[in-house]
Amino acid sequence: MTTDVQKKIAEDVKNHKIIMYVKGHKGMPMCGFSKRVMDIFMDLGVDFETRDVLSDPEIREGVKQFTQWPTIPQIFINGEFVGGCDIVTDLYVSGELKKMVEATK
């Protein structure tokens, strides 16, 4: 793992209020879990950035090392790692995710 990949991820997380590392991208999710988190954020009506880990294996492994979290998708809000699909879904159902994304506006 190169330091450059870690720097690139850190910059992305810093420069985007909501960014998710997913399989695919907004227009074409390539996995059900990635689609689920994108659908949740679209339902909340907030803008977000995606990075396709399938097109860049270094980013795929790099983000796992960056967060010490083994699975994709990985979601960051306001520079903080939130979690993956299960955590985001639970936060969405409880209403907490809506509060978190409102803080990005």
# chains A, B, ... in the order shown; residues from 1 in each chain; ligands from 1
>>> closest_atom_pairs(of="region 59-91 of chain A", to="region 36-54 of chain A", cutoff="10 Å", atoms="only C-alpha atoms", output="tab-separated table")
residue	atom	partner	partner_atom	distance
A:Ile59	CA	A:Val53	CA	5.9
A:Arg60	CA	A:Val53	CA	4.6
A:Glu61	CA	A:Val53	CA	8.4
A:Gly62	CA	A:Val53	CA	9.6
A:Val63	CA	A:Val53	CA	8.9
A:Ile72	CA	A:Val53	CA	8.3
A:Pro73	CA	A:Val37	CA	7.8
A:Gln74	CA	A:Val37	CA	9.3
A:Ile75	CA	A:Val37	CA	8.4
A:Phe76	CA	A:Phe48	CA	9.8
A:Ile77	CA	A:Phe48	CA	9.3
A:Gly84	CA	A:Val37	CA	8.1
A:Cys85	CA	A:Val37	CA	5.9
A:Asp86	CA	A:Val37	CA	9.0
A:Ile87	CA	A:Val37	CA	9.9
A:Val88	CA	A:Val37	CA	6.9
A:Thr89	CA	A:Val37	CA	7.3
>>> write_last_selection(atoms="N, CA and C atoms", output="PDB file, in the first residue's frame")
ATOM      1  N   ILE A  59      -7.243   1.664  -4.392  1.00  0.00           N
ATOM      2  CA  ILE A  59      -8.210   2.400  -3.568  1.00  0.00           C
ATOM      3  C   ILE A  59      -9.040   1.413  -2.756  1.00  0.00           C
ATOM      4  N   ARG A  60      -9.423   0.308  -3.372  1.00  0.00           N
ATOM      5  CA  ARG A  60     -10.245  -0.697  -2.676  1.00  0.00           C
ATOM      6  C   ARG A  60      -9.541  -1.192  -1.421  1.00  0.00           C
ATOM      7  N   GLU A  61      -8.278  -1.554  -1.548  1.00  0.00           N
ATOM      8  CA  GLU A  61      -7.534  -2.037  -0.381  1.00  0.00           C
ATOM      9  C   GLU A  61      -7.137  -0.881   0.530  1.00  0.00           C
ATOM     10  N   GLY A  62      -6.839   0.260  -0.098  1.00  0.00           N
ATOM     11  CA  GLY A  62      -6.403   1.426   0.672  1.00  0.00           C
ATOM     12  C   GLY A  62      -7.455   1.939   1.635  1.00  0.00           C
ATOM     13  N   VAL A  63      -8.724   1.972   1.201  1.00  0.00           N
ATOM     14  CA  VAL A  63      -9.772   2.481   2.077  1.00  0.00           C
ATOM     15  C   VAL A  63     -10.020   1.512   3.230  1.00  0.00           C
ATOM     16  N   ILE A  72     -16.845  -3.212   1.847  1.00  0.00           N
ATOM     17  CA  ILE A  72     -17.290  -2.106   1.001  1.00  0.00           C
ATOM     18  C   ILE A  72     -18.799  -2.258   0.897  1.00  0.00           C
ATOM     19  N   PRO A  73     -19.576  -1.215   0.947  1.00  0.00           N
ATOM     20  CA  PRO A  73     -19.237   0.204   0.879  1.00  0.00           C
ATOM     21  C   PRO A  73     -18.749   0.768   2.216  1.00  0.00           C
ATOM     22  N   GLN A  74     -18.094   1.922   2.094  1.00  0.00           N
ATOM     23  CA  GLN A  74     -17.660   2.687   3.262  1.00  0.00           C
ATOM     24  C   GLN A  74     -18.095   4.132   3.063  1.00  0.00           C
ATOM     25  N   ILE A  75     -18.765   4.666   4.075  1.00  0.00           N
ATOM     26  CA  ILE A  75     -19.364   5.996   3.965  1.00  0.00           C
ATOM     27  C   ILE A  75     -18.723   6.949   4.966  1.00  0.00           C
ATOM     28  N   PHE A  76     -18.414   8.155   4.478  1.00  0.00           N
ATOM     29  CA  PHE A  76     -17.848   9.213   5.303  1.00  0.00           C
ATOM     30  C   PHE A  76     -18.766  10.424   5.232  1.00  0.00           C
ATOM     31  N   ILE A  77     -19.031  11.029   6.383  1.00  0.00           N
ATOM     32  CA  ILE A  77     -19.821  12.256   6.449  1.00  0.00           C
ATOM     33  C   ILE A  77     -19.037  13.270   7.267  1.00  0.00           C
ATOM     34  N   GLY A  84     -20.560   0.988   7.123  1.00  0.00           N
ATOM     35  CA  GLY A  84     -20.980   0.371   5.884  1.00  0.00           C
ATOM     36  C   GLY A  84     -22.495   0.330   5.764  1.00  0.00           C
ATOM     37  N   CYS A  85     -22.969  -0.590   4.954  1.00  0.00           N
ATOM     38  CA  CYS A  85     -24.387  -0.657   4.616  1.00  0.00           C
ATOM     39  C   CYS A  85     -25.271  -0.886   5.841  1.00  0.00           C
ATOM     40  N   ASP A  86     -24.928  -1.839   6.689  1.00  0.00           N
ATOM     41  CA  ASP A  86     -25.775  -2.142   7.853  1.00  0.00           C
ATOM     42  C   ASP A  86     -25.886  -0.955   8.799  1.00  0.00           C
ATOM     43  N   ILE A  87     -24.764  -0.319   9.076  1.00  0.00           N
ATOM     44  CA  ILE A  87     -24.760   0.821  10.001  1.00  0.00           C
ATOM     45  C   ILE A  87     -25.545   1.983   9.402  1.00  0.00           C
ATOM     46  N   VAL A  88     -25.302   2.281   8.128  1.00  0.00           N
ATOM     47  CA  VAL A  88     -26.012   3.383   7.468  1.00  0.00           C
ATOM     48  C   VAL A  88     -27.520   3.093   7.432  1.00  0.00           C
ATOM     49  N   THR A  89     -27.889   1.855   7.151  1.00  0.00           N
ATOM     50  CA  THR A  89     -29.308   1.490   7.130  1.00  0.00           C
ATOM     51  C   THR A  89     -29.934   1.682   8.509  1.00  0.00           C
TER      52      THR A  89
END
>>> select_by_dssp(residues="region 9-102 of chain A", states="helix (DSSP H, G or I)", output="number ranges by chain")
A: 9-15, 32-44, 57-67, 85-94, 96-102
>>> residues_around(residues="Gly79 (chain A)", least_positions_apart="3", cutoff="8 Å", atoms="only C-alpha atoms", output="JSON, numbers by chain")
{"A": [13, 14, 16, 17, 18, 76]}
>>> residues_around(residues="Phe66 (chain A)", least_positions_apart="6", cutoff="9 Å", atoms="only C-alpha atoms", output="list in words")
Gln6, Ile9 and Ala10 of chain A
>>> write_last_selection(atoms="all heavy atoms", output="JSON list (two decimals), in the first residue's frame")
[["chain", "number", "residue", "atom", "x", "y", "z"],
["A", 6, "GLN", "N", -3.19, 6.49, 0.47],
["A", 6, "GLN", "CA", -3.72, 6.97, 1.75],
["A", 6, "GLN", "C", -3.93, 8.49, 1.72],
["A", 6, "GLN", "O", -4.95, 8.98, 2.21],
["A", 6, "GLN", "CB", -2.79, 6.58, 2.91],
["A", 6, "GLN", "CG", -2.67, 5.09, 3.12],
["A", 6, "GLN", "CD", -3.96, 4.44, 3.55],
["A", 6, "GLN", "OE1", -4.60, 4.89, 4.49],
["A", 6, "GLN", "NE2", -4.36, 3.39, 2.86],
["A", 9, "ILE", "N", -7.07, 9.24, -0.39],
["A", 9, "ILE", "CA", -8.29, 8.96, 0.36],
["A", 9, "ILE", "C", -8.52, 10.05, 1.40],
["A", 9, "ILE", "O", -9.64, 10.57, 1.53],
["A", 9, "ILE", "CB", -8.22, 7.56, 1.02],
["A", 9, "ILE", "CG1", -8.22, 6.47, -0.07],
["A", 9, "ILE", "CG2", -9.36, 7.36, 2.01],
["A", 9, "ILE", "CD1", -7.82, 5.10, 0.42],
["A", 10, "ALA", "N", -7.48, 10.43, 2.12],
["A", 10, "ALA", "CA", -7.60, 11.49, 3.13],
["A", 10, "ALA", "C", -8.08, 12.79, 2.51],
["A", 10, "ALA", "O", -8.92, 13.49, 3.07],
["A", 10, "ALA", "CB", -6.27, 11.68, 3.86]]
>>> select_by_dssp(residues="chain A", states="strand (DSSP E or B)", output="MDAnalysis selection string")
chainID A and resid 18:22 24:25 28:29 49:52 74:77 80:83
>>> atom_distance(atom1="CA of Gly95 (chain A)", atom2="CA of Gly24 (chain A)")
26.4 Å
>>> atom_distance(atom1="CA of Lys8 (chain A)", atom2="CA of Asp56 (chain A)")
12.3 Å
>>> atom_distance(atom1="CA of Phe81 (chain A)", atom2="CA of Lys64 (chain A)")
11.2 Å
>>> decode(residues="region 52-83 of chain A", atoms="N, CA and C atoms", output="compact mmCIF listing (two decimals), in the first residue's frame")
# COMPACT_ATOMS: atom_id res chain seq x y z
N ASP A 52 -15.41 4.48 -7.16
CA ASP A 52 -15.60 3.09 -7.55
C ASP A 52 -14.37 2.27 -7.21
N VAL A 53 -14.51 1.39 -6.23
CA VAL A 53 -13.37 0.57 -5.81
C VAL A 53 -13.09 -0.57 -6.80
N LEU A 54 -14.05 -0.90 -7.64
CA LEU A 54 -13.83 -1.97 -8.62
C LEU A 54 -12.86 -1.53 -9.71
N SER A 55 -12.86 -0.24 -10.02
CA SER A 55 -11.99 0.26 -11.09
C SER A 55 -10.58 0.58 -10.58
N ASP A 56 -10.38 0.54 -9.27
CA ASP A 56 -9.06 0.87 -8.71
C ASP A 56 -8.77 -0.01 -7.49
N PRO A 57 -8.10 -1.15 -7.72
CA PRO A 57 -7.80 -2.07 -6.61
C PRO A 57 -6.98 -1.43 -5.48
N GLU A 58 -6.12 -0.47 -5.81
CA GLU A 58 -5.34 0.19 -4.76
C GLU A 58 -6.25 0.98 -3.83
N ILE A 59 -7.24 1.66 -4.39
CA ILE A 59 -8.21 2.40 -3.57
C ILE A 59 -9.04 1.41 -2.76
N ARG A 60 -9.42 0.31 -3.37
CA ARG A 60 -10.25 -0.70 -2.68
C ARG A 60 -9.54 -1.19 -1.42
N GLU A 61 -8.28 -1.55 -1.55
CA GLU A 61 -7.53 -2.04 -0.38
C GLU A 61 -7.14 -0.88 0.53
N GLY A 62 -6.84 0.26 -0.10
CA GLY A 62 -6.40 1.43 0.67
C GLY A 62 -7.46 1.94 1.64
N VAL A 63 -8.72 1.97 1.20
CA VAL A 63 -9.77 2.48 2.08
C VAL A 63 -10.02 1.51 3.23
N LYS A 64 -9.86 0.22 2.97
CA LYS A 64 -10.01 -0.77 4.06
C LYS A 64 -8.93 -0.56 5.12
N GLN A 65 -7.71 -0.25 4.68
CA GLN A 65 -6.64 0.03 5.63
C GLN A 65 -6.85 1.37 6.32
N PHE A 66 -7.34 2.34 5.57
CA PHE A 66 -7.56 3.69 6.09
C PHE A 66 -8.53 3.66 7.28
N THR A 67 -9.58 2.84 7.17
CA THR A 67 -10.62 2.80 8.20
C THR A 67 -10.48 1.61 9.15
N GLN A 68 -9.66 0.66 8.79
CA GLN A 68 -9.59 -0.61 9.53
C GLN A 68 -10.95 -1.31 9.51
N TRP A 69 -11.65 -1.20 8.39
CA TRP A 69 -12.97 -1.79 8.19
C TRP A 69 -12.88 -2.70 6.97
N PRO A 70 -13.29 -3.96 7.06
CA PRO A 70 -12.99 -4.93 6.00
C PRO A 70 -13.91 -4.93 4.78
N THR A 71 -15.05 -4.23 4.84
CA THR A 71 -16.02 -4.38 3.76
C THR A 71 -16.29 -3.07 3.02
N ILE A 72 -16.84 -3.21 1.85
CA ILE A 72 -17.29 -2.11 1.00
C ILE A 72 -18.80 -2.26 0.90
N PRO A 73 -19.58 -1.21 0.95
CA PRO A 73 -19.24 0.20 0.88
C PRO A 73 -18.75 0.77 2.22
N GLN A 74 -18.09 1.92 2.09
CA GLN A 74 -17.66 2.69 3.26
C GLN A 74 -18.09 4.13 3.06
N ILE A 75 -18.77 4.67 4.07
CA ILE A 75 -19.36 6.00 3.96
C ILE A 75 -18.72 6.95 4.97
N PHE A 76 -18.41 8.16 4.48
CA PHE A 76 -17.85 9.21 5.30
C PHE A 76 -18.77 10.42 5.23
N ILE A 77 -19.03 11.03 6.38
CA ILE A 77 -19.82 12.26 6.45
C ILE A 77 -19.04 13.27 7.27
N ASN A 78 -18.85 14.46 6.69
CA ASN A 78 -18.09 15.53 7.36
C ASN A 78 -16.74 15.04 7.88
N GLY A 79 -16.05 14.26 7.07
CA GLY A 79 -14.71 13.81 7.42
C GLY A 79 -14.64 12.64 8.36
N GLU A 80 -15.78 12.14 8.79
CA GLU A 80 -15.81 11.03 9.74
C GLU A 80 -16.29 9.75 9.06
N PHE A 81 -15.62 8.65 9.37
CA PHE A 81 -16.06 7.36 8.87
C PHE A 81 -17.32 6.95 9.63
N VAL A 82 -18.40 6.70 8.90
CA VAL A 82 -19.68 6.33 9.52
C VAL A 82 -19.81 4.81 9.60
N GLY A 83 -19.46 4.12 8.53
CA GLY A 83 -19.58 2.68 8.51
C GLY A 83 -19.99 2.19 7.14
